[in-house]
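Dropping run-v8.txt in here (compact mmCIF, C-alpha atoms):
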# COMPACT_ATOMS: atom_id res chain seq x y z
CA MET A 130 -73.43 -15.12 -40.23
CA ASN A 131 -72.28 -11.83 -41.64
CA PHE A 132 -75.45 -9.94 -42.53
CA LEU A 133 -73.48 -7.15 -44.15
CA HIS A 134 -72.28 -9.47 -46.90
CA ARG A 135 -75.25 -11.77 -47.41
CA THR A 136 -75.05 -13.46 -50.80
CA THR A 137 -77.74 -12.99 -53.43
CA GLU A 138 -76.71 -15.96 -55.53
CA GLY A 139 -79.62 -18.05 -56.69
CA THR A 140 -82.24 -15.38 -55.97
CA ALA A 141 -84.39 -13.68 -58.61
CA PRO A 142 -83.86 -9.95 -59.17
CA ALA A 143 -86.36 -7.75 -57.32
CA GLU A 144 -89.30 -6.46 -59.35
CA PRO A 145 -88.94 -2.71 -59.97
CA LEU A 146 -91.51 -0.66 -58.17
CA PRO A 147 -94.13 0.88 -60.50
CA ARG A 148 -93.53 4.55 -61.21
CA ARG A 149 -96.30 6.73 -59.86
CA GLY A 150 -97.18 9.98 -61.55
CA LEU A 151 -98.45 13.24 -60.10
CA ILE A 152 -101.95 14.66 -59.92
CA SER A 153 -102.20 18.45 -60.14
CA LEU A 154 -105.54 20.07 -59.36
CA VAL A 155 -105.30 23.30 -61.31
CA GLY A 156 -107.61 26.31 -61.03
CA ALA A 157 -108.41 27.86 -64.40
CA GLY A 158 -110.20 30.88 -62.97
CA PRO A 159 -113.77 31.92 -63.81
CA GLY A 160 -113.44 32.39 -67.54
CA ALA A 161 -110.73 34.34 -69.32
CA ALA A 162 -107.64 32.26 -70.07
CA ASP A 163 -105.31 35.17 -69.31
CA LEU A 164 -106.27 34.89 -65.64
CA LEU A 165 -104.34 31.61 -65.37
CA THR A 166 -101.39 31.80 -63.00
CA LEU A 167 -97.87 31.20 -64.25
CA ARG A 168 -97.77 28.01 -62.20
CA ALA A 169 -100.96 26.78 -63.86
CA VAL A 170 -99.44 27.43 -67.29
CA ARG A 171 -96.31 25.50 -66.29
CA CYS A 172 -98.39 22.52 -65.14
CA LEU A 173 -100.38 22.45 -68.36
CA GLY A 174 -97.16 22.53 -70.37
CA GLN A 175 -95.79 19.51 -68.47
CA ALA A 176 -98.96 17.40 -68.45
CA ASP A 177 -99.30 13.98 -70.05
CA ILE A 178 -103.08 14.00 -69.72
CA ILE A 179 -105.58 16.78 -68.87
CA TYR A 180 -109.09 16.24 -67.55
CA TYR A 181 -110.97 19.52 -67.93
CA ASP A 182 -114.34 20.91 -66.82
CA ARG A 183 -117.24 22.29 -68.83
CA LEU A 184 -116.68 25.91 -67.74
CA VAL A 185 -112.97 26.02 -68.56
CA ASP A 186 -112.17 28.52 -71.34
CA PRO A 187 -110.99 26.47 -74.36
CA ALA A 188 -108.24 29.06 -74.82
CA ALA A 189 -106.66 27.83 -71.58
CA LEU A 190 -105.87 24.55 -73.30
CA ARG A 191 -103.59 26.36 -75.74
CA HIS A 192 -101.01 26.26 -72.94
CA ALA A 193 -101.16 22.46 -72.83
CA ASN A 194 -98.30 20.19 -73.77
CA PRO A 195 -98.99 19.46 -77.49
CA ALA A 196 -98.51 15.76 -76.78
CA ALA A 197 -100.92 15.70 -73.85
CA GLN A 198 -104.20 13.83 -74.13
CA GLN A 199 -107.20 16.08 -73.38
CA VAL A 200 -110.31 14.54 -71.83
CA PHE A 201 -113.55 16.50 -71.34
CA VAL A 202 -115.22 15.54 -68.05
CA GLY A 203 -117.81 18.31 -67.83
CA LYS A 204 -120.89 17.76 -65.71
CA GLU A 205 -124.29 19.41 -66.07
CA VAL A 206 -127.30 19.11 -63.81
CA GLY A 207 -129.17 15.94 -64.76
CA ALA A 208 -126.49 14.83 -67.25
CA HIS A 209 -123.61 13.29 -65.33
CA SER A 210 -121.83 11.10 -67.88
CA TRP A 211 -118.75 11.80 -65.77
CA PRO A 212 -119.88 11.44 -62.14
CA GLN A 213 -117.29 12.26 -59.50
CA ALA A 214 -116.45 8.63 -58.78
CA ARG A 215 -115.59 8.06 -62.44
CA ILE A 216 -113.36 11.13 -62.51
CA ASP A 217 -111.59 9.99 -59.33
CA ALA A 218 -110.95 6.55 -60.84
CA ALA A 219 -109.68 8.00 -64.13
CA ILE A 220 -107.15 10.40 -62.64
CA VAL A 221 -105.89 7.74 -60.21
CA ALA A 222 -105.47 5.16 -62.99
CA ALA A 223 -103.54 7.63 -65.15
CA ALA A 224 -101.24 8.59 -62.27
CA LEU A 225 -100.65 4.94 -61.34
CA GLY A 226 -99.54 4.47 -64.93
CA GLY A 227 -96.81 7.04 -64.36
CA GLN A 228 -98.47 9.99 -66.08
CA ARG A 229 -98.43 13.61 -64.99
CA VAL A 230 -102.14 14.32 -64.59
CA VAL A 231 -103.73 17.77 -64.63
CA ARG A 232 -107.27 18.07 -63.36
CA LEU A 233 -108.22 21.47 -64.78
CA LYS A 234 -111.12 23.07 -62.89
CA SER A 235 -112.94 26.34 -63.36
CA GLY A 236 -112.45 28.87 -60.59
CA ASP A 237 -110.41 27.68 -57.62
CA PRO A 238 -110.25 23.93 -56.91
CA MET A 239 -110.65 24.47 -53.16
CA ILE A 240 -113.85 26.54 -53.39
CA PHE A 241 -116.84 24.36 -54.31
CA GLY A 242 -114.52 22.44 -56.63
CA ARG A 243 -114.84 18.87 -55.30
CA ALA A 244 -111.12 18.94 -54.53
CA ALA A 245 -111.49 17.01 -51.27
CA GLU A 246 -112.68 13.85 -53.04
CA GLU A 247 -109.91 13.93 -55.61
CA ILE A 248 -107.22 14.58 -53.01
CA ALA A 249 -108.54 11.69 -50.92
CA ALA A 250 -108.56 9.38 -53.96
CA ALA A 251 -104.95 10.25 -54.77
CA ARG A 252 -103.71 9.78 -51.22
CA ALA A 253 -105.55 6.48 -50.85
CA HIS A 254 -103.31 5.12 -53.63
CA GLY A 255 -100.10 6.79 -52.47
CA ILE A 256 -100.09 9.27 -55.34
CA ALA A 257 -98.50 12.69 -54.92
CA VAL A 258 -101.02 15.49 -55.33
CA GLU A 259 -100.67 19.25 -55.55
CA VAL A 260 -103.16 22.11 -55.81
CA ILE A 261 -102.62 25.16 -58.00
CA PRO A 262 -105.04 27.89 -56.87
CA GLY A 263 -107.16 29.83 -59.32
CA ILE A 264 -109.15 33.05 -59.15
CA THR A 265 -112.59 32.30 -57.79
CA ALA A 266 -115.72 33.83 -59.32
CA ALA A 267 -116.44 36.05 -56.31
CA ALA A 268 -113.06 37.79 -56.57
CA ALA A 269 -113.27 38.08 -60.35
CA ALA A 270 -116.78 39.53 -60.25
CA ALA A 271 -115.81 42.09 -57.62
CA ALA A 272 -112.79 43.16 -59.68
CA GLN A 273 -114.77 43.33 -62.90
CA LEU A 274 -117.45 45.53 -61.32
CA CYS A 275 -115.11 47.57 -59.09
CA GLN A 276 -117.20 46.56 -56.07
CA PRO A 277 -114.93 45.54 -53.17
CA LEU A 278 -115.95 42.46 -51.22
CA THR A 279 -114.71 44.04 -48.00
CA GLU A 280 -114.42 47.70 -47.09
CA ARG A 281 -113.15 49.39 -43.98
CA GLY A 282 -116.00 50.61 -41.81
CA VAL A 283 -118.64 48.91 -43.98
CA THR A 284 -117.99 45.19 -44.34
CA ASP A 285 -115.27 43.29 -42.51
CA ARG A 286 -116.34 39.68 -43.20
CA LEU A 287 -116.68 37.70 -46.40
CA VAL A 288 -118.88 34.61 -46.59
CA LEU A 289 -118.81 32.28 -49.61
CA ALA A 290 -121.86 30.03 -49.56
CA THR A 291 -123.46 27.56 -51.90
CA GLY A 292 -127.08 27.88 -52.93
CA THR A 293 -127.30 24.20 -53.89
CA CYS A 294 -126.19 21.56 -51.40
CA SER A 295 -125.99 17.82 -51.89
CA THR A 296 -129.20 15.92 -51.20
CA ALA A 297 -128.11 14.85 -47.73
CA ASP A 298 -127.06 18.34 -46.59
CA GLU A 299 -129.14 21.13 -45.15
CA ALA A 300 -129.17 24.52 -46.86
CA PRO A 301 -126.89 27.22 -45.40
CA ASP A 302 -128.20 28.86 -42.22
CA LEU A 303 -128.99 32.33 -43.59
CA ALA A 304 -129.75 33.75 -40.15
CA GLU A 305 -126.25 32.80 -39.06
CA ILE A 306 -124.41 34.41 -41.98
CA ALA A 307 -126.64 37.39 -42.90
CA ARG A 308 -125.24 39.71 -40.27
CA PRO A 309 -124.38 43.43 -40.52
CA GLY A 310 -120.83 43.92 -41.69
CA ALA A 311 -120.79 40.84 -43.92
CA THR A 312 -120.55 40.44 -47.66
CA LEU A 313 -122.36 37.32 -48.82
CA VAL A 314 -121.56 35.62 -52.11
CA PHE A 315 -123.76 32.73 -53.20
CA TYR A 316 -122.51 30.23 -55.76
CA MET A 317 -124.78 27.81 -57.64
CA ALA A 318 -127.91 29.62 -56.45
CA MET A 319 -129.70 30.55 -59.69
CA LYS A 320 -132.14 27.65 -59.38
CA GLN A 321 -132.81 28.55 -55.74
CA LEU A 322 -133.57 32.26 -56.11
CA ASP A 323 -137.07 32.10 -54.64
CA ALA A 324 -135.92 30.22 -51.54
CA LEU A 325 -132.90 32.51 -51.18
CA SER A 326 -134.92 35.71 -51.49
CA ASN A 327 -137.60 34.56 -49.05
CA GLY A 328 -135.03 33.14 -46.65
CA LEU A 329 -133.05 36.37 -46.52
CA MET A 330 -136.13 38.46 -45.81
CA ALA A 331 -137.32 35.94 -43.20
CA CYS A 332 -134.09 36.41 -41.25
CA GLY A 333 -134.34 40.21 -41.28
CA VAL A 334 -132.62 41.36 -44.48
CA ALA A 335 -134.50 44.37 -45.87
CA ALA A 336 -136.59 43.80 -48.99
CA GLY A 337 -134.81 46.77 -50.58
CA GLN A 338 -131.33 45.48 -49.82
CA ALA A 339 -129.16 45.87 -52.93
CA VAL A 340 -128.10 42.68 -54.71
CA THR A 341 -125.68 42.21 -57.59
CA VAL A 342 -125.98 39.20 -59.87
CA ALA A 343 -122.84 38.66 -61.95
CA ALA A 344 -123.20 36.09 -64.73
CA HIS A 345 -120.60 34.51 -67.04
CA VAL A 346 -117.86 36.35 -65.17
CA GLU A 347 -114.80 37.07 -67.33
CA LYS A 348 -116.37 35.46 -70.39
CA ALA A 349 -117.35 37.13 -73.67
CA GLN A 350 -121.03 37.17 -72.62
CA ALA A 351 -120.32 38.60 -69.15
CA CYS A 352 -123.16 40.68 -67.73
CA HIS A 353 -124.49 41.83 -64.40
CA LEU A 354 -127.80 42.86 -62.89
CA GLU A 355 -128.40 45.32 -60.06
CA THR A 356 -131.58 44.46 -58.17
CA THR A 357 -132.95 44.01 -54.65
CA VAL A 358 -133.70 41.04 -52.43
CA ALA A 359 -137.45 41.39 -53.04
CA ARG A 360 -137.10 41.73 -56.82
CA LEU A 361 -134.33 39.17 -57.25
CA VAL A 362 -136.50 36.46 -58.84
CA ALA A 363 -138.59 38.72 -61.08
CA ASP A 364 -135.65 40.78 -62.34
CA CYS A 365 -133.49 37.74 -63.09
CA GLN A 366 -136.35 36.14 -65.01
CA ALA A 367 -137.07 39.34 -66.93
CA ALA A 368 -133.43 39.77 -67.89
CA ALA A 369 -132.96 36.03 -68.60
CA VAL A 370 -129.92 35.86 -66.33
CA ALA A 371 -128.69 32.28 -66.18
CA ASN A 372 -125.89 30.12 -64.83
CA PRO A 373 -123.02 30.37 -64.24
CA ALA A 374 -123.53 33.32 -61.92
CA VAL A 375 -122.77 34.54 -58.42
CA ILE A 376 -125.10 36.57 -56.21
CA ILE A 377 -123.48 39.25 -54.07
CA LEU A 378 -124.96 41.14 -51.10
CA ARG A 379 -123.08 43.66 -49.00
CA LEU A 380 -124.74 44.06 -45.60
CA PRO A 381 -123.20 47.21 -44.10
CA LYS A 382 -122.50 47.72 -40.44
CA MET A 383 -124.74 50.80 -40.55
CA ALA A 384 -127.96 51.17 -42.53
CA GLY A 385 -127.43 52.85 -45.86
CA GLY A 386 -123.75 51.96 -45.99
CA CYS A 387 -124.07 49.86 -49.11
CA ASP A 388 -125.70 52.58 -51.17
CA GLN A 389 -123.31 55.25 -49.95
CA ASN A 390 -120.25 53.09 -50.58
CA ARG A 391 -121.26 51.44 -53.87
CA HIS A 392 -118.43 51.58 -56.40
CA GLU A 393 -119.09 51.72 -60.14
CA CYS A 394 -116.62 51.05 -62.93
CA VAL A 395 -116.39 53.68 -65.66
CA GLY A 396 -119.08 53.20 -68.29
CA GLN A 397 -121.25 50.83 -66.25
CA GLY A 398 -124.69 51.82 -65.09
CA ALA A 399 -126.23 50.44 -61.93
CA GLY A 400 -129.73 49.01 -61.96
CA MET A 401 -129.68 47.47 -65.41
CA LEU A 402 -128.28 44.43 -67.15
CA ALA A 403 -125.09 45.47 -68.91
CA ASP A 404 -122.09 44.00 -70.60
CA SER A 405 -119.52 44.09 -67.83
CA ARG A 406 -116.41 43.40 -69.88
What's the structure tokens form of this structure?
Amino acid sequence: MNFLHRTTEGTAPAEPLPRRGLISLVGAGPGAADLLTLRAVRCLGQADIIYYDRLVDPAALRHANPAAQQVFVGKEVGAHSWPQARIDAAIVAAALGGQRVVRLKSGDPMIFGRAAEEIAAARAHGIAVEVIPGITAAAAAAAQLCQPLTERGVTDRLVLATGTCSTADEAPDLAEIARPGATLVFYMAMKQLDALSNGLMACGVAAGQAVTVAAHVEKAQACHLETTVARLVADCQAAAVANPAVIILRLPKMAGGCDQNRHECVGQGAGMLADSR
């Protein structure tokens, strides 16, 4: 038998394989739409469907393909009408239907952005997935306040930590990360301020250590508060600082380094809540 010329007479035509789409996890940055990358803008312009988060600036959606469907999948504490499993199923179903899917996330998808679950869901179904990085809140806050996250001779390590872990996880080991020469940035910590303040002092951080709380970074209501570890809870309550916010501590290699190397943007006063835009 000649296998090179096998006849196909009498056989049904093969079923065409279903066309799979693409899932793009796109970082929208912390707030302002003009912080989107050019690649993010391109993805939005090519999307068939966009699933976007609660903290995404609505102005970012002006870059979307006019024909694209836009689906709000925002989650708030205690109000998860779109739990992660539902989001995973929705983006997979859309991509399996051949659509170009954009999952638009605030900040950077790979930093506390639940990207791992969505990547795993895509790969489990053989769907191509890409990640478009965005500016994370720590970097945006540092730029907005002109306070470097690292500085030669003062801080040579940067630690991004969450203040709120999943139920099954232990809280970050503060004694392990609160070392001289490190800048600590805590995300999702506003509801854990008391535990954070007490935990930092328990592992040797001075009560008077300077702390910056940057809220609503790169949004119209952006503001920041200069306080100390000991006064963190009281000052945030008095100033009504609320989520979304990041908490920044610079622990210098030598005592006093933070105060001596504190940078201030023109027109911004330290020690008080101020509009930081």
Checklist entry - Which residues come within 12 Å of Glu305 (chain A), counting only C-alpha atoms, excluding same-chain residues fewer than 3 positions away, as a PyMOL selection string? => result chain A and resi 288+290+300-302+308-309+311+313+328-329+332-334
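Comparing the minimum interatomic distances between Ala269 (chain A) and each of A:Ile152, A:Asp323, A:Gly236, A:Gly203, counting all atoms listed in the file, we find that A:Gly236 sits nearest.
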Checklist entry - Nearest to Gln228 (chain A): which of A:Leu190, A:Leu151, A:Ala251, A:Ala272 is it, counting all atoms listed in the file? => result A:Leu151
Checklist entry - If you count only C-alpha atoms, which residues fall within 9 Å of Val342 (chain A), apart from same-chain ones fewer than 6 positions away, as number ranges by chain? => result A: 352-356, 361, 365, 370, 374-377
Item to check | Protein, DNA and RNA residues within 12 Å of (-103.6, 32.2, -63.6), all atoms listed in the file, as number ranges by chain | outcome: A: 155-173, 189, 192, 233-237, 261-265, 269
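Among the candidate residues A:Gln276, A:Gln321, A:Asn194, A:Ser153, the one lying nearest to Val258 (chain A) is A:Ser153, with distances computed using only C-alpha atoms.
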Next on the checklist: Measuring between only C-alpha atoms, which one of A:Ala359, A:Ala344, A:Ala176, A:Leu380 shows the shortest distance to Gln273 (chain A)?
Outcome noted: A:Ala344
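Here CA of Leu225 (chain A) and CA of Ala250 (chain A) stand 11.7 Å from one another.
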